[in-house]
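Source file: run06.cif. Holds: mmCIF, C-alpha atoms and all ligand atoms.
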data_my_file
#
loop_
_atom_site.label_atom_id
_atom_site.label_comp_id
_atom_site.auth_asym_id
_atom_site.auth_seq_id
_atom_site.Cartn_x
_atom_site.Cartn_y
_atom_site.Cartn_z
CA MET P 1 17.18 18.20 51.77
CA THR P 2 17.05 14.65 50.44
CA ASN P 3 14.24 12.42 51.51
CA PRO P 4 15.62 9.54 53.61
CA ALA P 5 12.38 7.62 53.23
CA ILE P 6 12.77 7.14 49.45
CA ARG P 7 14.72 3.97 48.79
CA SER P 8 14.24 2.00 45.58
CA ASP P 9 15.64 2.95 42.17
CA PRO P 10 12.20 3.52 40.52
CA GLU P 11 11.30 5.81 43.46
CA LYS P 12 14.54 7.77 43.17
CA LEU P 13 14.18 8.06 39.40
CA LEU P 14 10.57 9.23 39.63
CA ARG P 15 11.60 11.76 42.30
CA GLN P 16 14.31 13.14 39.98
CA VAL P 17 11.99 13.36 36.99
CA MET P 18 9.24 15.09 38.97
CA ALA P 19 11.69 17.42 40.72
CA ARG P 20 13.14 18.49 37.37
CA PHE P 21 9.68 19.04 35.93
CA VAL P 22 8.68 21.15 38.95
CA ASP P 23 11.91 23.18 39.01
CA GLN P 24 11.90 23.86 35.27
CA GLU P 25 8.21 24.10 34.38
CA VAL P 26 6.13 24.75 37.48
CA THR P 27 8.04 26.91 39.97
CA PRO P 28 9.10 29.60 37.47
CA ARG P 29 5.46 30.05 36.35
CA ALA P 30 3.66 29.39 39.64
CA ARG P 31 3.10 33.04 40.51
CA GLU P 32 1.65 33.91 37.11
CA ILE P 33 -0.56 30.80 37.05
CA ASP P 34 -1.79 31.47 40.59
CA GLU P 35 -2.57 35.10 39.81
CA ARG P 36 -4.45 34.17 36.65
CA GLY P 37 -6.43 31.70 38.73
CA GLU P 38 -7.29 29.47 35.80
CA PHE P 39 -7.00 25.71 35.60
CA PRO P 40 -3.43 25.04 34.31
CA GLN P 41 -4.51 23.09 31.24
CA GLU P 42 -1.10 23.04 29.58
CA LEU P 43 0.75 21.62 32.61
CA PHE P 44 -2.10 19.16 33.23
CA LYS P 45 -1.75 17.85 29.65
CA LYS P 46 2.00 17.64 30.06
CA LEU P 47 1.57 15.52 33.18
CA ALA P 48 -0.74 13.23 31.22
CA SER P 49 1.91 12.86 28.50
CA MET P 50 4.36 11.84 31.26
CA ASN P 51 1.91 9.02 32.19
CA VAL P 52 1.40 10.50 35.63
CA PHE P 53 -2.38 10.03 35.83
CA ASN P 54 -2.34 6.27 35.56
CA VAL P 55 0.49 5.66 38.02
CA ARG P 56 -1.94 4.04 40.44
CA TYR P 57 -3.53 1.92 37.73
CA LEU P 58 -0.41 0.55 36.03
CA GLY P 59 -0.32 -3.19 36.50
CA MET P 60 -3.14 -2.98 39.02
CA LYS P 61 -4.82 -6.36 39.24
CA LYS P 62 -8.30 -7.10 40.45
CA GLY P 63 -8.49 -6.31 44.16
CA ALA P 64 -4.92 -4.95 44.37
CA THR P 65 -4.15 -1.32 45.07
CA GLY P 66 -1.92 0.87 42.93
CA ASN P 67 1.54 1.97 43.95
CA ALA P 68 0.92 4.45 46.76
CA THR P 69 4.60 5.31 47.22
CA LEU P 70 5.06 6.46 43.61
CA TYR P 71 1.74 8.29 43.74
CA CYS P 72 2.74 10.19 46.89
CA ILE P 73 6.15 11.11 45.44
CA ILE P 74 4.33 12.75 42.51
CA CYS P 75 1.92 14.58 44.84
CA GLU P 76 4.69 15.78 47.13
CA GLU P 77 6.93 17.08 44.36
CA LEU P 78 4.11 18.86 42.53
CA ALA P 79 2.94 20.48 45.77
CA ARG P 80 6.44 21.84 46.27
CA GLY P 81 5.85 23.82 43.07
CA LEU P 82 2.12 24.58 43.10
CA VAL P 83 -0.33 22.98 45.53
CA SER P 84 -3.34 23.49 43.27
CA LEU P 85 -1.70 21.65 40.36
CA ALA P 86 -0.82 18.85 42.77
CA ALA P 87 -4.39 18.69 44.10
CA GLU P 88 -5.87 18.60 40.59
CA THR P 89 -3.46 15.81 39.65
CA ALA P 90 -4.12 13.89 42.86
CA LYS P 91 -7.85 13.99 42.17
CA GLN P 92 -7.42 12.81 38.59
CA CYS P 93 -5.26 9.86 39.72
CA LEU P 94 -7.49 8.74 42.59
CA MET P 95 -10.92 10.08 43.65
CA GLY P 96 -11.94 11.47 40.26
CA THR P 97 -11.38 8.23 38.33
CA ASN P 98 -11.18 5.40 40.85
CA PHE P 99 -14.81 4.26 40.88
CA LEU P 100 -14.88 4.41 37.10
CA TYR P 101 -11.69 2.32 36.98
CA ARG P 102 -12.85 -0.27 39.48
CA PHE P 103 -16.54 -0.55 38.67
CA GLY P 104 -17.20 1.08 35.27
CA SER P 105 -18.36 -1.02 32.30
CA PRO P 106 -15.85 -1.48 29.43
CA GLU P 107 -17.88 1.06 27.39
CA LEU P 108 -17.74 3.67 30.17
CA LYS P 109 -14.01 3.14 30.57
CA GLU P 110 -13.38 3.52 26.87
CA LYS P 111 -15.49 6.67 26.64
CA TYR P 112 -14.34 8.40 29.82
CA LEU P 113 -11.39 6.73 31.58
CA GLU P 114 -9.02 6.48 28.64
CA PRO P 115 -9.42 10.16 27.62
CA SER P 116 -8.97 11.08 31.31
CA MET P 117 -5.63 9.30 31.43
CA ARG P 118 -4.63 11.32 28.34
CA GLY P 119 -5.62 14.55 30.12
CA GLU P 120 -8.47 15.21 27.68
CA MET P 121 -11.19 14.84 30.32
CA VAL P 122 -11.31 15.77 33.99
CA GLY P 123 -13.13 13.76 36.65
CA SER P 124 -14.52 14.98 39.95
CA PHE P 125 -15.78 13.48 43.18
CA CYS P 126 -18.94 14.70 44.88
CA LEU P 127 -19.48 13.90 48.56
CA THR P 128 -20.02 17.19 50.36
CA GLU P 129 -23.43 18.88 50.54
CA PRO P 130 -24.52 22.21 51.97
CA GLU P 131 -25.77 20.38 55.10
CA ALA P 132 -23.37 17.42 55.10
CA GLY P 133 -19.61 17.96 55.31
CA GLY P 134 -17.65 15.59 57.51
CA ASP P 135 -20.90 13.86 58.51
CA LEU P 136 -21.54 11.80 55.35
CA GLY P 137 -24.36 9.85 57.01
CA SER P 138 -26.42 13.03 56.56
CA VAL P 139 -26.11 13.05 52.75
CA THR P 140 -29.54 13.77 51.23
CA THR P 141 -28.84 13.53 47.49
CA THR P 142 -30.98 10.59 46.42
CA ALA P 143 -30.78 7.93 43.72
CA VAL P 144 -34.21 6.47 43.07
CA ASP P 145 -34.64 3.17 41.24
CA ASP P 146 -36.77 3.74 38.13
CA GLY P 147 -36.66 0.44 36.27
CA ASP P 148 -33.81 0.63 33.76
CA HIS P 149 -32.58 3.92 35.21
CA TRP P 150 -31.65 5.75 38.38
CA ILE P 151 -32.94 9.26 39.03
CA ILE P 152 -30.43 11.45 40.88
CA SER P 153 -31.62 14.53 42.78
CA GLY P 154 -29.74 16.78 45.15
CA MET P 155 -27.04 19.38 45.61
CA LYS P 156 -23.30 18.95 46.12
CA THR P 157 -20.91 21.70 47.11
CA TRP P 158 -17.18 22.44 47.31
CA ILE P 159 -16.56 20.15 44.36
CA THR P 160 -12.97 20.40 43.12
CA ASN P 161 -12.68 20.58 39.31
CA ALA P 162 -16.50 20.72 38.88
CA PRO P 163 -16.47 23.76 36.54
CA ILE P 164 -14.23 21.89 34.10
CA ALA P 165 -15.27 18.30 34.81
CA SER P 166 -16.58 15.96 32.11
CA TYR P 167 -18.23 13.68 34.67
CA PHE P 168 -18.99 13.32 38.36
CA THR P 169 -18.76 10.41 40.80
CA VAL P 170 -21.63 11.21 43.13
CA LEU P 171 -22.40 9.88 46.61
CA CYS P 172 -26.16 9.28 46.89
CA GLN P 173 -28.60 7.85 49.38
CA THR P 174 -30.59 4.91 47.97
CA GLN P 175 -32.39 4.02 51.21
CA PRO P 176 -33.35 7.18 53.10
CA GLY P 177 -33.18 6.61 56.84
CA LYS P 178 -30.43 3.97 56.53
CA GLY P 179 -27.54 6.47 57.03
CA ILE P 180 -24.20 5.34 55.65
CA ARG P 181 -25.56 1.82 54.95
CA GLY P 182 -27.81 3.26 52.20
CA LEU P 183 -25.06 5.18 50.40
CA ASN P 184 -23.80 4.32 46.92
CA PHE P 185 -21.71 6.00 44.23
CA PHE P 186 -23.10 6.87 40.80
CA PHE P 187 -21.40 7.96 37.59
CA VAL P 188 -23.04 11.05 36.10
CA PRO P 189 -21.75 12.51 32.80
CA ARG P 190 -21.80 16.27 32.74
CA ASP P 191 -24.05 16.39 29.68
CA THR P 192 -26.84 14.50 31.50
CA PRO P 193 -29.99 16.68 31.38
CA GLY P 194 -30.56 18.26 34.81
CA VAL P 195 -26.88 18.70 35.74
CA GLN P 196 -26.23 22.32 36.67
CA VAL P 197 -22.77 23.60 37.66
CA SER P 198 -22.59 26.92 39.54
CA PRO P 199 -20.00 29.64 38.84
CA ARG P 200 -16.69 28.87 40.52
CA PHE P 201 -16.08 29.90 44.14
CA ASP P 202 -13.68 32.69 45.01
CA THR P 203 -11.20 31.11 47.44
CA LEU P 204 -8.33 32.07 49.72
CA GLY P 205 -5.75 29.70 48.24
CA THR P 206 -5.17 27.00 45.61
CA ARG P 207 -6.59 29.56 43.24
CA THR P 208 -6.06 27.64 40.02
CA THR P 209 -8.33 24.89 41.33
CA GLU P 210 -11.84 25.51 40.12
CA ILE P 211 -14.41 24.66 42.78
CA SER P 212 -18.19 25.02 42.63
CA GLU P 213 -21.59 23.63 43.51
CA VAL P 214 -23.26 21.01 41.35
CA ALA P 215 -27.03 20.53 41.30
CA PHE P 216 -28.55 17.27 40.08
CA ASN P 217 -32.14 17.96 39.07
CA ASP P 218 -33.88 14.62 38.40
CA CYS P 219 -30.95 13.34 36.33
CA ARG P 220 -31.77 10.01 34.63
CA ILE P 221 -28.78 7.72 34.28
CA PRO P 222 -28.62 4.06 33.10
CA LYS P 223 -28.81 1.29 35.68
CA ASP P 224 -25.17 0.25 35.28
CA TYR P 225 -23.96 3.75 36.20
CA LEU P 226 -24.10 2.63 39.82
CA VAL P 227 -20.34 2.26 40.33
CA GLY P 228 -19.82 -0.28 43.08
CA LEU P 229 -21.70 -3.08 44.70
CA PRO P 230 -25.25 -2.07 45.70
CA GLY P 231 -25.36 -1.13 49.38
CA LYS P 232 -21.54 -1.27 49.66
CA GLY P 233 -20.74 2.30 48.54
CA MET P 234 -19.06 3.34 51.75
CA GLY P 235 -17.02 0.12 51.84
CA ALA P 236 -15.59 1.04 48.43
CA PHE P 237 -14.93 4.57 49.67
CA PHE P 238 -13.19 3.35 52.83
CA ALA P 239 -10.95 1.22 50.58
CA ILE P 240 -9.41 4.40 49.16
CA LEU P 241 -9.85 6.68 52.18
CA ALA P 242 -6.50 5.73 53.71
CA GLU P 243 -4.85 6.55 50.42
CA ILE P 244 -6.68 9.89 50.16
CA ARG P 245 -5.39 10.80 53.62
CA THR P 246 -1.83 9.68 52.91
CA MET P 247 -1.89 11.61 49.62
CA THR P 248 -3.10 14.73 51.44
CA ALA P 249 -0.18 14.30 53.84
CA ALA P 250 2.17 14.16 50.84
CA LEU P 251 0.72 17.41 49.49
CA ALA P 252 1.33 18.95 52.92
CA LEU P 253 4.91 17.70 52.92
CA GLY P 254 5.49 19.33 49.52
CA VAL P 255 4.32 22.74 50.68
CA ALA P 256 6.27 22.41 53.96
CA ARG P 257 9.43 21.74 51.95
CA ALA P 258 8.77 24.72 49.70
CA ALA P 259 8.43 26.97 52.77
CA PHE P 260 11.59 25.48 54.26
CA ASP P 261 13.63 25.96 51.07
CA ALA P 262 12.53 29.59 50.72
CA SER P 263 13.38 30.31 54.38
CA PHE P 264 16.71 28.51 54.30
CA GLN P 265 17.90 30.50 51.31
CA TYR P 266 16.53 33.85 52.46
CA ALA P 267 18.07 33.52 55.95
CA GLN P 268 21.51 33.14 54.39
CA GLU P 269 21.13 36.21 52.19
CA ARG P 270 19.36 38.74 54.40
CA LYS P 271 21.57 40.91 56.61
CA ALA P 272 20.44 42.64 59.80
CA PHE P 273 22.59 44.29 62.47
CA GLY P 274 25.74 43.51 60.45
CA LYS P 275 25.23 39.75 60.05
CA THR P 276 23.15 37.45 57.92
CA ILE P 277 20.07 36.54 59.91
CA SER P 278 21.07 32.84 59.68
CA LYS P 279 23.65 33.65 62.39
CA TYR P 280 20.93 34.42 64.96
CA GLN P 281 19.95 31.58 67.24
CA LEU P 282 16.24 32.29 67.09
CA ILE P 283 16.32 32.01 63.29
CA GLN P 284 18.39 28.81 63.59
CA ALA P 285 15.76 27.44 65.97
CA LYS P 286 13.03 28.01 63.40
CA ILE P 287 15.07 26.32 60.66
CA SER P 288 15.84 23.34 62.88
CA ASP P 289 12.19 23.02 63.99
CA MET P 290 11.04 23.05 60.37
CA ALA P 291 13.65 20.48 59.30
CA THR P 292 12.79 18.20 62.23
CA ASP P 293 9.08 18.42 61.51
CA ILE P 294 9.65 17.71 57.81
CA TRP P 295 11.80 14.68 58.52
CA ALA P 296 9.21 13.24 60.88
CA ALA P 297 6.43 13.83 58.33
CA GLU P 298 8.47 12.14 55.57
CA LEU P 299 9.07 9.07 57.72
CA MET P 300 5.40 8.80 58.66
CA ILE P 301 4.13 9.26 55.12
CA TYR P 302 6.45 6.83 53.38
CA ASP P 303 6.16 4.25 56.15
CA THR P 304 2.41 4.41 55.55
CA THR P 305 2.73 4.16 51.75
CA ARG P 306 4.99 1.11 52.11
CA LYS P 307 2.40 -0.60 54.27
CA LEU P 308 -0.28 0.34 51.74
CA ASP P 309 1.85 -1.15 48.97
CA GLN P 310 2.17 -4.37 50.96
CA GLY P 311 -1.62 -4.55 51.20
CA GLN P 312 -1.72 -3.74 54.92
CA ARG P 313 -4.53 -1.73 56.52
CA VAL P 314 -3.33 1.70 57.57
CA ASP P 315 -6.50 3.34 58.88
CA LYS P 316 -4.86 4.77 61.99
CA GLU P 317 -1.48 5.50 60.39
CA SER P 318 -3.02 7.40 57.47
CA MET P 319 -5.09 9.56 59.83
CA MET P 320 -2.00 10.28 61.93
CA ALA P 321 0.07 11.08 58.82
CA LYS P 322 -2.59 13.42 57.39
CA TYR P 323 -3.09 15.17 60.72
CA PHE P 324 0.61 15.50 61.53
CA ALA P 325 1.88 16.47 58.05
CA THR P 326 -0.82 19.11 57.59
CA GLU P 327 -0.03 20.64 60.96
CA VAL P 328 3.66 20.56 59.94
CA ALA P 329 2.79 22.41 56.71
CA CYS P 330 0.84 25.05 58.65
CA ARG P 331 3.71 25.45 61.15
CA CYS P 332 6.36 25.66 58.39
CA VAL P 333 4.51 28.27 56.34
CA ASP P 334 3.97 30.27 59.52
CA GLN P 335 7.69 30.12 60.39
CA ALA P 336 8.56 31.11 56.82
CA THR P 337 6.40 34.23 57.08
CA ARG P 338 8.44 35.25 60.14
CA ILE P 339 11.87 34.51 58.64
CA LEU P 340 11.13 36.52 55.51
CA GLY P 341 9.84 39.45 57.54
CA ALA P 342 7.95 42.01 55.46
CA TYR P 343 8.85 40.22 52.22
CA ALA P 344 6.62 37.33 53.20
CA TYR P 345 3.77 39.82 53.03
CA SER P 346 4.58 40.80 49.47
CA MET P 347 2.82 39.12 46.56
CA GLU P 348 6.19 39.12 44.78
CA TYR P 349 7.52 36.37 47.05
CA PRO P 350 5.99 32.89 47.00
CA VAL P 351 5.73 32.49 50.78
CA GLN P 352 2.33 34.22 50.87
CA ARG P 353 1.07 31.61 48.39
CA PHE P 354 2.42 28.73 50.48
CA PHE P 355 0.69 30.29 53.50
CA ARG P 356 -2.67 30.55 51.69
CA ASP P 357 -2.44 27.17 49.96
CA ALA P 358 -1.56 25.23 53.11
CA ARG P 359 -4.97 26.03 54.63
CA PHE P 360 -6.66 23.96 51.92
CA LEU P 361 -5.13 20.80 53.37
CA LEU P 362 -6.95 21.20 56.67
CA TYR P 363 -10.32 20.11 55.27
CA GLY P 364 -10.13 17.28 52.73
CA GLY P 365 -9.49 13.76 54.03
CA GLY P 366 -11.05 14.68 57.38
CA THR P 367 -10.88 17.78 59.54
CA HIS P 368 -8.41 17.53 62.38
CA GLU P 369 -11.07 17.65 65.07
CA VAL P 370 -12.70 14.55 63.57
CA LEU P 371 -9.38 12.83 62.80
CA ARG P 372 -8.09 13.22 66.35
CA GLN P 373 -11.31 11.76 67.67
CA ASN P 374 -11.04 8.85 65.24
CA ILE P 375 -7.36 8.22 66.02
CA ALA P 376 -8.28 7.87 69.70
CA ARG P 377 -11.15 5.53 68.72
CA ALA P 378 -8.80 3.46 66.54
CA MET P 379 -6.75 2.87 69.70
CA ARG P 380 -10.00 1.74 71.40
CA PHE P 381 -9.77 4.75 73.74
C1 LIG P 401 -10.52 23.61 48.75
C2 LIG P 401 -11.54 22.57 49.05
C3 LIG P 401 -11.78 21.56 48.14
C4 LIG P 401 -12.77 20.60 48.39
N1 LIG P 401 -13.03 19.64 47.44
C5 LIG P 401 -14.04 18.76 47.66
C6 LIG P 401 -14.40 17.80 46.64
O1 LIG P 401 -13.79 17.73 45.56
N2 LIG P 401 -15.44 16.97 46.88
C7 LIG P 401 -16.14 16.99 48.04
O2 LIG P 401 -17.06 16.19 48.19
N3 LIG P 401 -15.82 17.89 49.03
C8 LIG P 401 -14.80 18.76 48.86
N4 LIG P 401 -14.47 19.68 49.83
C9 LIG P 401 -15.24 19.71 51.06
C10 LIG P 401 -14.51 19.06 52.25
O3 LIG P 401 -14.43 17.67 52.06
C11 LIG P 401 -15.30 19.47 53.50
O4 LIG P 401 -14.96 20.83 53.73
C12 LIG P 401 -14.96 18.63 54.69
O5 LIG P 401 -15.55 17.35 54.57
C13 LIG P 401 -15.47 19.27 55.98
O6 LIG P 401 -16.83 19.60 55.85
P1 LIG P 401 -17.34 21.06 56.23
O7 LIG P 401 -16.40 22.05 55.68
O8 LIG P 401 -18.77 21.14 55.83
O9 LIG P 401 -17.22 21.12 57.81
P2 LIG P 401 -18.17 20.50 58.90
O10 LIG P 401 -18.22 19.00 58.79
O11 LIG P 401 -19.46 21.24 58.92
O12 LIG P 401 -17.36 20.89 60.22
C14 LIG P 401 -17.26 22.24 60.70
C15 LIG P 401 -16.38 22.24 61.95
O13 LIG P 401 -16.94 21.37 62.94
C16 LIG P 401 -15.99 20.38 63.30
N5 LIG P 401 -16.68 19.09 63.54
C17 LIG P 401 -17.57 18.46 62.74
N6 LIG P 401 -17.93 17.29 63.29
C18 LIG P 401 -17.27 17.18 64.46
C19 LIG P 401 -17.19 16.19 65.48
N7 LIG P 401 -17.88 15.04 65.40
N8 LIG P 401 -16.38 16.42 66.52
C20 LIG P 401 -15.65 17.55 66.63
N9 LIG P 401 -15.67 18.53 65.71
C21 LIG P 401 -16.46 18.35 64.64
C22 LIG P 401 -15.07 20.26 62.09
O14 LIG P 401 -13.83 19.69 62.44
C23 LIG P 401 -14.96 21.71 61.68
O15 LIG P 401 -14.04 22.36 62.52
C24 LIG P 401 -13.48 20.64 49.61
C25 LIG P 401 -13.21 21.64 50.55
C26 LIG P 401 -12.26 22.60 50.28
C27 LIG P 401 -12.02 23.70 51.28
#

If you took the structure in this file and wrote it as structure tokens, what would it be?
Amino acid sequence: MTNPAIRSDPEKLLRQVMARFVDQEVTPRAREIDERGEFPQELFKKLASMNVFNVRYLGMKKGATGNATLYCIICEELARGLVSLAAETAKQCLMGTNFLYRFGSPELKEKYLEPSMRGEMVGSFCLTEPEAGGDLGSVTTTAVDDGDHWIISGMKTWITNAPIASYFTVLCQTQPGKGIRGLNFFFVPRDTPGVQVSPRFDTLGTRTTEISEVAFNDCRIPKDYLVGLPGKGMGAFFAILAEIRTMTAALALGVARAAFDASFQYAQERKAFGKTISKYQLIQAKISDMATDIWAAELMIYDTTRKLDQGQRVDKESMMAKYFATEVACRCVDQATRILGAYAYSMEYPVQRFFRDARFLLYGGGTHEVLRQNIARAMRF
């Protein structure tokens, strides 16, 4: 299927380049990489050499956002091949490096951001705590003012890329009792004394993504490692939240397309009761439901990215896109497991991986229970 929402020449060209990269270098190796369950260092470096990591930062002027449409095309195409590679890339382009890019000193940028854009360092983003998931107002990791330094203490969990990260952007409370108004982000290099990274978690899907806990035990960091304006941490986070949600929707679209493509092909090859199963109306219904869902998700996502690129606020649209596209991905992978019959249950076919990986998208960028509540609120319901 071609994406009707992609219009300009640079978008079409980027789509072609990414699609070729995925078809030639990712899809043929996705099973082996997933089974090994290690961070795909070689592909990550290759993406850096293709200048993928700084796509949001190219030509980005003070106060302006990066190009969300190009960014989402990259995320979508990579997710079509391997969701975990797409998620690692998405984090490197946005949450892992954004506070460093926007608020880091020239020295910090030279030491950490530039090597990150070359794929030599990996950044990670630490919000979640054992007792604070969606409810960020309950974050208890503290940053205490100690003259020329901050002292960071607390525990973060479910941190993507933490086992291989060179640095962490950490959400901390600076004014206990103030809830989200006391939250700020801090830059903590991994080699800071007191940083302790747990062994990686064993997870259902996205198995090449290394996830773990990170403990910050009285970590002393310089005063200018507060990345953002004091007391405005959540404002800076909300500035990229719509993009995080739209990007998550693009990852979902990629995996939905992968499930569709596998089903479409299989249904035309598999014979049952003397005909290919594509001739049966109930199989046709599944294919048409998947295609309709995918088209709707594409239109929502790229309508949202265009508004983002025009500098418009898309709080509601990005929540709707993330919620809808992720549900589409879950529906499409479910349909694919039915169309492929027993072969969907075999580790030899990729559909089981799409099925496992799609679940990952349900959590980041807001759970659907919270998003649906917030969509209703955004309509002043
Ligand atoms: C693969 C993976 C990678 C991740 N990577 C990162 C990362 O890099 N950095 C990071 O900081 N975090 C990361 N996370 C954590 C993720 O952001 C959290 O899982 C998410 O914020 C939800 O928090 P929780 O899982 O603690 O659920 P909770 O917030 O505890 O929610 C549990 C359940 O209660 C529901 N619920 C909660 N509040 C409400 C409400 N008000 N109304 C109705 N229902 C409600 C939720 O929808 C959910 O169903 C990752 C998670 C996963 C699975």

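Taking atom CA of P:Asn184 and atom CA of P:Asp148 as endpoints, the distance between them is 16.9 Å.
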
Write out as lines of an AutoDock Vina configuration file an axis-aligned box for stretch 234-246 of chain P: all of its atoms listed in the file, 6 Å added on each side, centre and edge lengths in Å with one decimal.
center_x = -10.4
center_y = 5.5
center_z = 51.1
size_x = 29.2
size_y = 22.7
size_z = 17.3

Could you check which of P:Phe354, P:Tyr266, P:Trp158, P:Phe216 is closest to ligand LIG 401 (chain P), using all atoms listed in the file?
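Looking at the shortest contact to ligand LIG 401 (chain P), the residue is P:Trp158.
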
Enumerate, in order of chain and increasing residue number, the residues of stretch 57-150 of chain P with an atom no farther than 8 Å from stretch 292-307 of chain P, each with its shortest atom pair and distance in Å to one decimal, counting all atoms listed in the file, as a tab-separated table.
residue	atom	partner	partner_atom	distance
P:Ala68	CA	P:Thr305	CA	5.3
P:Thr69	CA	P:Thr305	CA	5.0
P:Cys72	CA	P:Thr305	CA	7.7

To one decimal in Å, tell me the separation between atom CA of P:Leu82 and atom CA of P:Thr27.
7.1 Å

Using all atoms listed in the file, find each residue with an atom at most 8 Å away from ligand LIG 401 (chain P) and format the answer as a PyMOL selection string.
chain P and resi 91+124-135+156-162+203+205-206+209+211+360-370+373

Closest to P:Gly119 among P:Ile152, P:Leu47, P:Val188, P:Leu100, using only C-alpha atoms?
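Checking each candidate against P:Gly119, we get P:Leu47 as the closest.
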
Write out as an NGL selection string the residues lying within 9 Å of P:Met95, counting all atoms listed in the file and excluding same-chain residues fewer than 2 positions away.
:P and (90-93 or 97-99 or 123-125 or 169 or 240 or 244)

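Going from atom CA of P:Asn67 over to atom CA of P:Leu371, you cover 24.3 Å.
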
Excluding same-chain residues fewer than 3 positions from stretch 7-17 of chain P, what lies within 7 Å of it counting only C-alpha atoms, as a ChimeraX atom specification?
/P:20-21,70,73

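Taking only C-alpha atoms into account, P:Ala143 lies nearest to P:Thr174 out of the set P:Thr192, P:Ser166, P:Thr337, P:Thr174.
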
Close residues, P:Met117 itself excluded, 10 Å, all atoms listed in the file, min 4 positions apart in chain, as a list in words
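Non-adjacent residues within range: Lys45, Leu47, Ala48, Ser49, Asn51, Val52, Phe53, Asn54, Val55, Tyr57, Gln92, Cys93, Thr97, Tyr112, Leu113, Met121 and Val122 of chain P.
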
Go through P:Phe324, P:Phe186, P:Tyr280, P:Phe273 and flag the residue nearest P:Ile339, using all atoms listed in the file for the distances.
P:Tyr280

Set the distance at 12 Å and use all atoms listed in the file: which residues neighbour P:Ser288 once local chain neighbours fewer than 2 positions away are removed? I'd like the list as a PyMOL selection string.
chain P and resi 260+263-264+278+281-286+290-295+332+335

Who sits within 12 Å of stretch 105-108 of chain P, only C-alpha atoms, same chain under 4 positions skipped, as a ChimeraX atom specification:
/P:97,99-101,112-116,167,187-189,222-228

Could I see stretch 149-160 of chain P restored to N, CA and C atoms, set down as an mmCIF file, in the coordinates of the input?
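The new file result.cif reads:
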data_model
loop_
_atom_site.group_PDB
_atom_site.id
_atom_site.type_symbol
_atom_site.label_atom_id
_atom_site.label_comp_id
_atom_site.auth_asym_id
_atom_site.auth_seq_id
_atom_site.Cartn_x
_atom_site.Cartn_y
_atom_site.Cartn_z
ATOM 1 N N HIS P 149 -33.372 2.719 34.901
ATOM 2 C CA HIS P 149 -32.580 3.920 35.210
ATOM 3 C C HIS P 149 -32.571 4.215 36.707
ATOM 4 N N TRP P 150 -31.643 5.115 37.060
ATOM 5 C CA TRP P 150 -31.650 5.750 38.380
ATOM 6 C C TRP P 150 -31.987 7.229 38.159
ATOM 7 N N ILE P 151 -32.692 7.812 39.115
ATOM 8 C CA ILE P 151 -32.940 9.260 39.030
ATOM 9 C C ILE P 151 -32.222 9.921 40.214
ATOM 10 N N ILE P 152 -31.288 10.798 39.872
ATOM 11 C CA ILE P 152 -30.430 11.450 40.880
ATOM 12 C C ILE P 152 -30.941 12.862 41.136
ATOM 13 N N SER P 153 -31.154 13.182 42.428
ATOM 14 C CA SER P 153 -31.620 14.530 42.780
ATOM 15 C C SER P 153 -30.912 15.015 44.031
ATOM 16 N N GLY P 154 -30.371 16.214 43.959
ATOM 17 C CA GLY P 154 -29.740 16.780 45.150
ATOM 18 C C GLY P 154 -28.689 17.809 44.783
ATOM 19 N N MET P 155 -28.013 18.297 45.804
ATOM 20 C CA MET P 155 -27.040 19.380 45.610
ATOM 21 C C MET P 155 -25.724 19.018 46.278
ATOM 22 N N LYS P 156 -24.640 19.160 45.552
ATOM 23 C CA LYS P 156 -23.300 18.950 46.120
ATOM 24 C C LYS P 156 -22.566 20.283 46.121
ATOM 25 N N THR P 157 -21.646 20.439 47.047
ATOM 26 C CA THR P 157 -20.910 21.700 47.110
ATOM 27 C C THR P 157 -19.430 21.475 47.389
ATOM 28 N N TRP P 158 -18.640 22.496 47.135
ATOM 29 C CA TRP P 158 -17.180 22.440 47.310
ATOM 30 C C TRP P 158 -16.565 21.360 46.430
ATOM 31 N N ILE P 159 -17.034 21.233 45.215
ATOM 32 C CA ILE P 159 -16.560 20.150 44.360
ATOM 33 C C ILE P 159 -15.378 20.624 43.502
ATOM 34 N N THR P 160 -14.202 20.076 43.854
ATOM 35 C CA THR P 160 -12.970 20.400 43.120
ATOM 36 C C THR P 160 -13.094 19.962 41.662
#
